[in-house]
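Participant: Structure file data_14.cif (mmCIF, C-alpha atoms) is given on the next line.
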data_work
#
loop_
_atom_site.group_PDB
_atom_site.id
_atom_site.type_symbol
_atom_site.label_atom_id
_atom_site.label_comp_id
_atom_site.auth_asym_id
_atom_site.auth_seq_id
_atom_site.Cartn_x
_atom_site.Cartn_y
_atom_site.Cartn_z
ATOM 1 C CA MET X 1 153.664 92.636 212.987
ATOM 2 C CA LEU X 2 155.805 91.624 210.055
ATOM 3 C CA GLN X 3 152.697 90.473 208.205
ATOM 4 C CA LYS X 4 151.026 93.865 208.755
ATOM 5 C CA LYS X 5 154.074 95.674 207.293
ATOM 6 C CA ILE X 6 154.076 93.390 204.254
ATOM 7 C CA ILE X 7 150.321 93.870 203.775
ATOM 8 C CA LEU X 8 150.694 97.669 204.094
ATOM 9 C CA LYS X 9 153.612 97.665 201.638
ATOM 10 C CA ASN X 10 151.573 95.620 199.137
ATOM 11 C CA GLN X 11 148.589 97.981 199.487
ATOM 12 C CA CYS X 12 150.811 101.045 198.995
ATOM 13 C CA SER X 13 152.515 99.559 195.919
ATOM 14 C CA GLN X 14 149.140 98.521 194.499
ATOM 15 C CA ARG X 15 147.783 102.071 194.969
ATOM 16 C CA ARG X 16 150.920 103.525 193.432
ATOM 17 C CA SER X 17 150.672 101.104 190.486
ATOM 18 C CA ALA X 18 146.987 101.929 190.040
ATOM 19 C CA GLY X 19 147.817 105.659 190.020
ATOM 20 C CA ILE X 20 150.530 105.121 187.431
ATOM 21 C CA TYR X 21 148.144 103.080 185.277
ATOM 22 C CA ILE X 22 145.498 105.797 185.519
ATOM 23 C CA VAL X 23 148.003 108.491 184.457
ATOM 24 C CA ILE X 24 149.229 106.356 181.544
ATOM 25 C CA PHE X 25 145.623 105.626 180.548
ATOM 26 C CA PHE X 26 144.714 109.343 180.437
ATOM 27 C CA MET X 27 147.897 110.131 178.509
ATOM 28 C CA LEU X 28 147.044 107.486 175.901
ATOM 29 C CA ILE X 29 143.470 108.738 175.606
ATOM 30 C CA SER X 30 144.749 112.309 175.159
ATOM 31 C CA VAL X 31 147.182 111.240 172.448
ATOM 32 C CA ILE X 32 144.484 109.283 170.624
ATOM 33 C CA ILE X 33 142.016 112.158 170.785
ATOM 34 C CA LEU X 34 144.538 114.746 169.639
ATOM 35 C CA SER X 35 145.862 112.609 166.809
ATOM 36 C CA GLY X 36 142.300 111.752 165.777
ATOM 37 C CA CYS X 37 141.413 115.433 165.374
ATOM 38 C CA SER X 38 144.349 116.172 163.127
ATOM 39 C CA ASN X 39 143.612 113.090 161.007
ATOM 40 C CA LYS X 40 140.003 114.178 160.552
ATOM 41 C CA VAL X 41 141.121 117.573 159.298
ATOM 42 C CA ASP X 42 143.658 116.005 156.948
ATOM 43 C CA VAL X 43 141.162 113.465 155.602
ATOM 44 C CA THR X 44 138.528 116.169 155.130
ATOM 45 C CA THR X 45 141.007 118.387 153.311
ATOM 46 C CA LEU X 46 142.188 115.521 151.135
ATOM 47 C CA VAL X 47 138.643 114.511 150.190
ATOM 48 C CA LYS X 48 137.695 118.114 149.431
ATOM 49 C CA ASN X 49 140.780 118.613 147.260
ATOM 50 C CA LYS X 50 140.194 115.319 145.473
ATOM 51 C CA LEU X 51 136.561 116.159 144.716
ATOM 52 C CA SER X 52 137.351 119.678 143.522
ATOM 53 C CA GLY X 53 140.154 118.269 141.341
ATOM 54 C CA GLU X 54 137.767 115.763 139.794
ATOM 55 C CA ASP X 55 135.207 118.518 139.200
ATOM 56 C CA ALA X 56 137.849 120.598 137.415
ATOM 57 C CA MET X 57 138.887 117.627 135.271
ATOM 58 C CA ASN X 58 135.287 116.773 134.387
ATOM 59 C CA SER X 59 134.526 120.389 133.472
ATOM 60 C CA ALA X 60 137.602 120.690 131.250
ATOM 61 C CA VAL X 61 136.792 117.416 129.470
ATOM 62 C CA ALA X 62 133.179 118.522 128.928
ATOM 63 C CA VAL X 63 134.345 121.753 127.242
ATOM 64 C CA VAL X 64 136.627 119.854 124.857
ATOM 65 C CA ASP X 65 133.881 117.337 124.122
ATOM 66 C CA ASP X 66 131.357 120.125 123.401
ATOM 67 C CA PHE X 67 133.898 121.979 121.239
ATOM 68 C CA PHE X 68 134.464 119.004 118.944
ATOM 69 C CA LYS X 69 130.811 117.888 118.897
ATOM 70 C CA ASN X 70 129.847 121.390 117.751
ATOM 71 C CA MET X 71 132.542 121.281 115.065
ATOM 72 C CA ILE X 72 131.368 117.855 113.860
ATOM 73 C CA SER X 73 127.781 119.125 113.607
ATOM 74 C CA GLY X 74 128.940 122.282 111.802
ATOM 75 C CA ASN X 75 127.987 124.645 114.625
ATOM 76 C CA LEU X 76 131.152 126.745 114.474
ATOM 77 C CA GLU X 77 129.627 129.642 116.409
ATOM 78 C CA GLU X 78 129.144 127.436 119.473
ATOM 79 C CA SER X 79 132.682 126.082 119.135
ATOM 80 C CA PHE X 80 133.973 129.647 118.897
ATOM 81 C CA ASN X 81 132.162 130.517 122.138
ATOM 82 C CA LEU X 82 134.239 127.845 123.917
ATOM 83 C CA ILE X 83 137.488 129.600 123.009
ATOM 84 C CA SER X 84 139.252 131.652 125.673
ATOM 85 C CA SER X 85 138.305 135.296 126.129
ATOM 86 C CA GLN X 86 141.929 136.277 125.447
ATOM 87 C CA ASP X 87 141.784 134.586 122.036
ATOM 88 C CA ARG X 88 138.385 136.153 121.294
ATOM 89 C CA LEU X 89 139.839 139.591 122.019
ATOM 90 C CA THR X 90 142.393 139.211 119.247
ATOM 91 C CA HIS X 91 140.377 137.062 116.814
ATOM 92 C CA ASP X 92 136.757 137.020 115.738
ATOM 93 C CA LEU X 93 134.413 134.374 114.340
ATOM 94 C CA SER X 94 135.508 135.043 110.752
ATOM 95 C CA ASP X 95 139.154 134.411 111.782
ATOM 96 C CA PHE X 96 138.036 131.148 113.350
ATOM 97 C CA LYS X 97 136.161 130.064 110.235
ATOM 98 C CA ARG X 98 139.143 131.025 108.034
ATOM 99 C CA GLU X 99 141.394 128.924 110.256
ATOM 100 C CA LEU X 100 139.147 125.902 109.673
ATOM 101 C CA GLU X 101 138.686 126.291 105.887
ATOM 102 C CA ASN X 102 141.291 123.668 105.000
ATOM 103 C CA VAL X 103 140.423 121.279 107.801
ATOM 104 C CA THR X 104 139.042 117.954 106.663
ATOM 105 C CA GLN X 105 135.769 116.550 108.005
ATOM 106 C CA ILE X 106 136.084 115.445 111.649
ATOM 107 C CA VAL X 107 134.300 112.122 112.014
ATOM 108 C CA ASP X 108 134.911 111.157 115.635
ATOM 109 C CA ILE X 109 136.888 112.053 118.717
ATOM 110 C CA GLU X 110 138.042 110.050 121.687
ATOM 111 C CA LEU X 111 138.994 111.796 124.917
ATOM 112 C CA ASN X 112 141.840 109.837 126.497
ATOM 113 C CA TRP X 113 143.198 111.717 129.491
ATOM 114 C CA VAL X 114 143.134 115.007 131.344
ATOM 115 C CA GLU X 115 145.631 116.828 133.519
ATOM 116 C CA VAL X 116 144.799 119.919 135.566
ATOM 117 C CA LYS X 117 147.395 122.151 137.188
ATOM 118 C CA ASN X 118 146.031 125.274 138.832
ATOM 119 C CA ASN X 119 144.345 127.293 136.048
ATOM 120 C CA ILE X 120 145.647 125.243 133.117
ATOM 121 C CA ALA X 121 144.249 121.950 131.812
ATOM 122 C CA ASP X 122 145.433 119.664 129.040
ATOM 123 C CA VAL X 123 143.146 117.069 127.484
ATOM 124 C CA GLY X 124 144.517 114.289 125.293
ATOM 125 C CA VAL X 125 142.376 113.558 122.251
ATOM 126 C CA ASP X 126 142.434 111.037 119.419
ATOM 127 C CA LEU X 127 140.787 112.540 116.366
ATOM 128 C CA VAL X 128 139.415 110.706 113.333
ATOM 129 C CA ASP X 129 138.902 112.727 110.173
ATOM 130 C CA SER X 130 137.798 111.886 106.664
ATOM 131 C CA TYR X 131 139.198 113.093 103.372
ATOM 132 C CA ASP X 132 138.264 111.547 99.992
ATOM 133 C CA ASN X 133 136.369 108.785 101.808
ATOM 134 C CA GLU X 134 139.495 107.756 103.701
ATOM 135 C CA GLU X 135 139.652 108.019 107.455
ATOM 136 C CA LYS X 136 142.812 109.043 109.231
ATOM 137 C CA VAL X 137 143.455 108.888 112.977
ATOM 138 C CA TYR X 138 145.471 111.560 114.725
ATOM 139 C CA LYS X 139 146.687 110.270 118.094
ATOM 140 C CA ASP X 140 147.400 112.208 121.273
ATOM 141 C CA ILE X 141 146.438 115.689 120.185
ATOM 142 C CA ILE X 142 146.768 117.916 123.249
ATOM 143 C CA VAL X 143 144.016 120.478 123.692
ATOM 144 C CA SER X 144 145.020 123.200 126.129
ATOM 145 C CA LEU X 145 142.466 125.030 128.265
ATOM 146 C CA VAL X 146 142.635 127.985 130.605
ATOM 147 C CA LYS X 147 140.355 128.736 133.523
ATOM 148 C CA GLU X 148 138.614 132.072 133.022
ATOM 149 C CA GLU X 149 137.964 134.607 135.783
ATOM 150 C CA ASP X 150 134.393 133.323 136.140
ATOM 151 C CA GLY X 151 135.741 129.805 136.836
ATOM 152 C CA SER X 152 134.769 128.313 133.471
ATOM 153 C CA TRP X 153 137.212 126.411 131.265
ATOM 154 C CA LYS X 154 137.899 127.734 127.769
ATOM 155 C CA ILE X 155 140.074 126.415 124.956
ATOM 156 C CA ASN X 156 143.353 128.120 124.175
ATOM 157 C CA PHE X 157 142.961 128.010 120.386
ATOM 158 C CA TRP X 158 145.596 130.451 119.192
ATOM 159 C CA ASP X 159 149.023 130.495 120.817
#
Written as C-alpha coordinates, that's how I'd like the structure from this file.
Facilitator:
Amino acid sequence: MLQKKIILKNQCSQRRSAGIYIVIFFMLISVIILSGCSNKVDVTTLVKNKLSGEDAMNSAVAVVDDFFKNMISGNLEESFNLISSQDRLTHDLSDFKRELENVTQIVDIELNWVEVKNNIADVGVDLVDSYDNEEKVYKDIIVSLVKEEDGSWKINFWD
(Lines of atoms letter the chains of each structure in order from A and count residues from 1; the text may use other names and numbers.)
(Lines give C-alpha, C1' and ligand atoms only; values in the text may rest on other atoms or scores of the structure.)
Protein backbone atom coordinates (compact mmCIF):
# COMPACT_ATOMS: atom_id res chain seq x y z
CA MET A 1 0.00 0.00 0.00
CA LEU A 2 2.85 2.32 0.82
CA GLN A 3 4.39 1.62 -2.57
CA LYS A 4 1.12 2.54 -4.32
CA LYS A 5 1.00 5.89 -2.47
CA ILE A 6 4.60 6.64 -3.42
CA ILE A 7 3.94 5.68 -7.06
CA LEU A 8 0.79 7.86 -7.13
CA LYS A 9 2.68 10.77 -5.55
CA ASN A 10 5.47 10.44 -8.14
CA GLN A 11 2.94 10.34 -11.00
CA CYS A 12 1.13 13.42 -9.66
CA SER A 13 4.37 15.38 -9.22
CA GLN A 14 5.52 14.33 -12.69
CA ARG A 15 2.23 15.53 -14.22
CA ARG A 16 2.45 18.76 -12.26
CA SER A 17 6.07 19.26 -13.38
CA ALA A 18 5.12 18.51 -16.99
CA GLY A 19 2.29 21.08 -16.79
CA ILE A 20 4.65 23.68 -15.37
CA TYR A 21 7.18 22.96 -18.13
CA ILE A 22 4.48 23.29 -20.78
CA VAL A 23 3.34 26.66 -19.37
CA ILE A 24 6.94 27.93 -19.20
CA PHE A 25 7.56 26.67 -22.74
CA PHE A 26 4.54 28.56 -24.13
CA MET A 27 5.53 31.69 -22.21
CA LEU A 28 9.03 31.57 -23.69
CA ILE A 29 7.68 31.01 -27.20
CA SER A 30 5.29 33.97 -26.75
CA VAL A 31 8.11 36.22 -25.57
CA ILE A 32 10.33 35.20 -28.47
CA ILE A 33 7.58 35.75 -31.02
CA LEU A 34 6.58 39.12 -29.62
CA SER A 35 10.14 40.37 -29.32
CA GLY A 36 10.89 39.08 -32.82
CA CYS A 37 8.07 41.16 -34.31
CA SER A 38 9.25 44.38 -32.74
CA ASN A 39 12.83 43.71 -33.85
CA LYS A 40 11.69 43.15 -37.43
CA VAL A 41 9.90 46.49 -37.44
CA ASP A 42 12.91 48.25 -35.94
CA VAL A 43 15.35 46.63 -38.38
CA THR A 44 13.08 47.45 -41.32
CA THR A 45 12.76 51.05 -40.19
CA LEU A 46 16.50 51.36 -39.64
CA VAL A 47 17.32 49.93 -43.07
CA LYS A 48 14.76 52.18 -44.75
CA ASN A 49 16.11 55.26 -42.98
CA LYS A 50 19.69 54.31 -43.78
CA LEU A 51 18.92 53.80 -47.48
CA SER A 52 16.95 57.03 -47.78
CA GLY A 53 19.77 58.88 -45.99
CA GLU A 54 22.31 57.47 -48.42
CA ASP A 55 20.09 58.43 -51.35
CA ALA A 56 19.89 62.00 -50.04
CA MET A 57 23.66 62.16 -49.59
CA ASN A 58 24.32 60.75 -53.06
CA SER A 59 21.87 63.20 -54.65
CA ALA A 60 23.41 66.20 -52.87
CA VAL A 61 26.93 65.16 -53.88
CA ALA A 62 25.83 64.67 -57.50
CA VAL A 63 24.43 68.23 -57.63
CA VAL A 64 27.68 69.71 -56.32
CA ASP A 65 29.70 67.58 -58.73
CA ASP A 66 27.53 68.66 -61.69
CA PHE A 67 27.72 72.31 -60.60
CA PHE A 68 31.51 72.38 -60.63
CA LYS A 69 31.88 70.22 -63.76
CA ASN A 70 29.63 72.67 -65.61
CA MET A 71 31.70 75.59 -64.31
CA ILE A 72 34.95 73.91 -65.38
CA SER A 73 33.56 73.33 -68.88
CA GLY A 74 32.28 76.92 -69.06
CA ASN A 75 28.60 75.97 -69.06
CA LEU A 76 27.50 78.64 -66.59
CA GLU A 77 23.83 78.38 -67.55
CA GLU A 78 23.71 74.76 -66.38
CA SER A 79 25.51 75.68 -63.16
CA PHE A 80 23.01 78.49 -62.61
CA ASN A 81 20.14 76.01 -62.99
CA LEU A 82 21.53 74.07 -60.00
CA ILE A 83 21.16 77.10 -57.73
CA SER A 84 18.23 77.21 -55.32
CA SER A 85 14.92 78.65 -56.49
CA GLN A 86 15.09 81.22 -53.68
CA ASP A 87 18.42 82.51 -55.00
CA ARG A 88 17.10 82.52 -58.58
CA LEU A 89 14.16 84.66 -57.47
CA THR A 90 16.48 87.42 -56.30
CA HIS A 91 19.31 86.99 -58.82
CA ASP A 92 19.44 86.19 -62.51
CA LEU A 93 22.01 84.60 -64.82
CA SER A 94 23.75 87.93 -65.45
CA ASP A 95 24.20 88.38 -61.66
CA PHE A 96 25.70 84.90 -61.53
CA LYS A 97 28.11 85.63 -64.37
CA ARG A 98 29.09 88.96 -62.77
CA GLU A 99 29.79 87.13 -59.51
CA LEU A 100 32.20 84.81 -61.34
CA GLU A 101 34.05 87.46 -63.40
CA ASN A 102 37.04 87.61 -61.07
CA VAL A 103 37.16 83.91 -60.32
CA THR A 104 40.26 82.15 -61.56
CA GLN A 105 40.10 79.02 -63.73
CA ILE A 106 38.88 75.99 -61.75
CA VAL A 107 41.04 73.03 -62.72
CA ASP A 108 39.76 70.21 -60.50
CA ILE A 109 37.53 69.45 -57.56
CA GLU A 110 37.55 66.70 -54.99
CA LEU A 111 34.41 65.90 -53.03
CA ASN A 112 35.46 64.85 -49.53
CA TRP A 113 32.41 64.46 -47.32
CA VAL A 114 28.70 65.10 -47.07
CA GLU A 115 26.34 65.72 -44.17
CA VAL A 116 22.56 65.79 -44.50
CA LYS A 117 20.22 67.07 -41.81
CA ASN A 118 16.57 67.21 -42.78
CA ASN A 119 16.35 69.62 -45.76
CA ILE A 120 19.90 70.97 -45.53
CA ALA A 121 23.07 69.34 -46.87
CA ASP A 122 26.70 70.40 -46.65
CA VAL A 123 29.33 68.99 -48.98
CA GLY A 124 33.04 69.43 -48.28
CA VAL A 125 35.08 70.20 -51.37
CA ASP A 126 38.76 70.69 -52.16
CA LEU A 127 39.12 72.99 -55.13
CA VAL A 128 42.15 73.42 -57.38
CA ASP A 129 42.33 76.58 -59.46
CA SER A 130 44.90 78.04 -61.81
CA TYR A 131 46.09 81.61 -62.12
CA ASP A 132 49.16 82.64 -64.16
CA ASN A 133 50.00 78.96 -64.69
CA GLU A 134 50.18 78.36 -60.95
CA GLU A 135 47.78 75.99 -59.26
CA LYS A 136 46.40 76.70 -55.83
CA VAL A 137 44.41 74.29 -53.65
CA TYR A 138 41.57 75.51 -51.49
CA LYS A 139 40.79 72.93 -48.80
CA ASP A 140 37.49 72.18 -47.10
CA ILE A 141 35.22 74.59 -48.91
CA ILE A 142 31.70 73.93 -47.64
CA VAL A 143 28.99 73.98 -50.29
CA SER A 144 25.54 74.33 -48.75
CA LEU A 145 22.45 72.86 -50.40
CA VAL A 146 18.75 73.06 -49.68
CA LYS A 147 16.09 70.54 -50.60
CA GLU A 148 13.47 72.12 -52.85
CA GLU A 149 9.74 71.44 -52.63
CA ASP A 150 10.01 68.94 -55.49
CA GLY A 151 12.60 66.95 -53.49
CA SER A 152 15.62 67.98 -55.56
CA TRP A 153 18.79 69.40 -54.03
CA LYS A 154 19.90 72.88 -55.08
CA ILE A 155 22.93 74.96 -54.13
CA ASN A 156 22.53 77.88 -51.77
CA PHE A 157 24.79 80.26 -53.71
CA TRP A 158 23.95 83.63 -52.20
CA ASP A 159 23.47 83.97 -48.45
Participant: Using all atoms listed in the file, collect all residues at a distance of at most 10 Å from (139.2, 109.7, 118.7) as written in the file, then present them as a ChimeraX atom specification.
Facilitator: /X:106-112,124-129,137-141
Participant: Tell me which of X:Trp158, X:Asp95, X:Val114, X:Lys136 sits closest to Ser59 of chain X, counting all atoms listed in the file.
Facilitator: X:Val114
Participant: One decimal, in Å: what's the spacing between atom CA of Gly74 of chain X and atom CA of Asn119 of chain X?
Facilitator: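 Taking atom CA of Gly74 of chain X as the start and atom CA of Asn119 of chain X as the end point, the length is 29.2 Å.
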Participant: Report as a PyMOL selection string the full result of the PyMOL selection byres ((chain X and resi 103) around 12) when it is applied to this structure.
Facilitator: chain X and resi 71-72+96-102+104-107+128-131
Participant: Might you pull out every residue within 12 Å of Asp159 of chain X, with all atoms listed in the file counted and same-chain residues fewer than 3 positions away left off, and present them as a count of residues only?
Facilitator: 12
Participant: Give me, please, the distance in Å between atom CA of Leu93 of chain X and atom CA of Asp55 of chain X, quoted to one decimal.
Facilitator: 29.5 Å
Participant: Complete segment 101-118 of chain X with N, CA, C and O atoms (output as a PDB file, in the frame of the given file).
Facilitator:
ATOM      1  N   GLU X 101     139.043 126.512 107.286  1.00  0.00           N
ATOM      2  CA  GLU X 101     138.686 126.291 105.887  1.00  0.00           C
ATOM      3  C   GLU X 101     139.317 125.034 105.302  1.00  0.00           C
ATOM      4  O   GLU X 101     138.677 124.301 104.562  1.00  0.00           O
ATOM      5  N   ASN X 102     140.570 124.799 105.600  1.00  0.00           N
ATOM      6  CA  ASN X 102     141.291 123.668 105.000  1.00  0.00           C
ATOM      7  C   ASN X 102     141.294 122.423 105.875  1.00  0.00           C
ATOM      8  O   ASN X 102     142.015 121.474 105.581  1.00  0.00           O
ATOM      9  N   VAL X 103     140.503 122.442 106.923  1.00  0.00           N
ATOM     10  CA  VAL X 103     140.423 121.279 107.801  1.00  0.00           C
ATOM     11  C   VAL X 103     139.474 120.270 107.178  1.00  0.00           C
ATOM     12  O   VAL X 103     138.399 120.615 106.688  1.00  0.00           O
ATOM     13  N   THR X 104     139.897 119.009 107.201  1.00  0.00           N
ATOM     14  CA  THR X 104     139.042 117.954 106.663  1.00  0.00           C
ATOM     15  C   THR X 104     137.874 117.703 107.609  1.00  0.00           C
ATOM     16  O   THR X 104     137.812 118.266 108.703  1.00  0.00           O
ATOM     17  N   GLN X 105     136.965 116.841 107.211  1.00  0.00           N
ATOM     18  CA  GLN X 105     135.769 116.550 108.005  1.00  0.00           C
ATOM     19  C   GLN X 105     136.129 115.693 109.218  1.00  0.00           C
ATOM     20  O   GLN X 105     136.622 114.586 109.079  1.00  0.00           O
ATOM     21  N   ILE X 106     135.865 116.219 110.426  1.00  0.00           N
ATOM     22  CA  ILE X 106     136.084 115.445 111.649  1.00  0.00           C
ATOM     23  C   ILE X 106     134.946 114.447 111.780  1.00  0.00           C
ATOM     24  O   ILE X 106     133.770 114.819 111.734  1.00  0.00           O
ATOM     25  N   VAL X 107     135.291 113.180 111.934  1.00  0.00           N
ATOM     26  CA  VAL X 107     134.300 112.122 112.014  1.00  0.00           C
ATOM     27  C   VAL X 107     134.014 111.744 113.461  1.00  0.00           C
ATOM     28  O   VAL X 107     132.870 111.565 113.861  1.00  0.00           O
ATOM     29  N   ASP X 108     135.073 111.622 114.254  1.00  0.00           N
ATOM     30  CA  ASP X 108     134.911 111.157 115.635  1.00  0.00           C
ATOM     31  C   ASP X 108     136.081 111.644 116.474  1.00  0.00           C
ATOM     32  O   ASP X 108     137.155 111.941 115.949  1.00  0.00           O
ATOM     33  N   ILE X 109     135.827 111.726 117.771  1.00  0.00           N
ATOM     34  CA  ILE X 109     136.888 112.053 118.717  1.00  0.00           C
ATOM     35  C   ILE X 109     136.831 111.065 119.877  1.00  0.00           C
ATOM     36  O   ILE X 109     135.775 110.510 120.181  1.00  0.00           O
ATOM     37  N   GLU X 110     137.970 110.864 120.481  1.00  0.00           N
ATOM     38  CA  GLU X 110     138.042 110.050 121.687  1.00  0.00           C
ATOM     39  C   GLU X 110     138.885 110.813 122.698  1.00  0.00           C
ATOM     40  O   GLU X 110     140.032 111.183 122.416  1.00  0.00           O
ATOM     41  N   LEU X 111     138.297 111.083 123.852  1.00  0.00           N
ATOM     42  CA  LEU X 111     138.994 111.796 124.917  1.00  0.00           C
ATOM     43  C   LEU X 111     139.712 110.766 125.781  1.00  0.00           C
ATOM     44  O   LEU X 111     139.089 109.880 126.346  1.00  0.00           O
ATOM     45  N   ASN X 112     141.037 110.876 125.858  1.00  0.00           N
ATOM     46  CA  ASN X 112     141.840 109.837 126.497  1.00  0.00           C
ATOM     47  C   ASN X 112     142.268 110.152 127.923  1.00  0.00           C
ATOM     48  O   ASN X 112     142.296 109.275 128.768  1.00  0.00           O
ATOM     49  N   TRP X 113     142.676 111.375 128.171  1.00  0.00           N
ATOM     50  CA  TRP X 113     143.198 111.717 129.491  1.00  0.00           C
ATOM     51  C   TRP X 113     143.048 113.218 129.719  1.00  0.00           C
ATOM     52  O   TRP X 113     142.817 113.980 128.788  1.00  0.00           O
ATOM     53  N   VAL X 114     143.191 113.589 130.973  1.00  0.00           N
ATOM     54  CA  VAL X 114     143.134 115.007 131.344  1.00  0.00           C
ATOM     55  C   VAL X 114     144.109 115.248 132.480  1.00  0.00           C
ATOM     56  O   VAL X 114     144.302 114.396 133.339  1.00  0.00           O
ATOM     57  N   GLU X 115     144.720 116.420 132.454  1.00  0.00           N
ATOM     58  CA  GLU X 115     145.631 116.828 133.519  1.00  0.00           C
ATOM     59  C   GLU X 115     145.331 118.285 133.849  1.00  0.00           C
ATOM     60  O   GLU X 115     145.301 119.133 132.958  1.00  0.00           O
ATOM     61  N   VAL X 116     145.106 118.560 135.124  1.00  0.00           N
ATOM     62  CA  VAL X 116     144.799 119.919 135.566  1.00  0.00           C
ATOM     63  C   VAL X 116     145.872 120.365 136.545  1.00  0.00           C
ATOM     64  O   VAL X 116     146.179 119.656 137.498  1.00  0.00           O
ATOM     65  N   LYS X 117     146.425 121.532 136.280  1.00  0.00           N
ATOM     66  CA  LYS X 117     147.395 122.151 137.188  1.00  0.00           C
ATOM     67  C   LYS X 117     146.999 123.616 137.341  1.00  0.00           C
ATOM     68  O   LYS X 117     147.130 124.394 136.397  1.00  0.00           O
ATOM     69  N   ASN X 118     146.486 123.916 138.524  1.00  0.00           N
ATOM     70  CA  ASN X 118     146.031 125.274 138.832  1.00  0.00           C
ATOM     71  C   ASN X 118     144.987 125.731 137.818  1.00  0.00           C
ATOM     72  O   ASN X 118     143.907 125.186 137.757  1.00  0.00           O
TER      73      ASN X 118
END
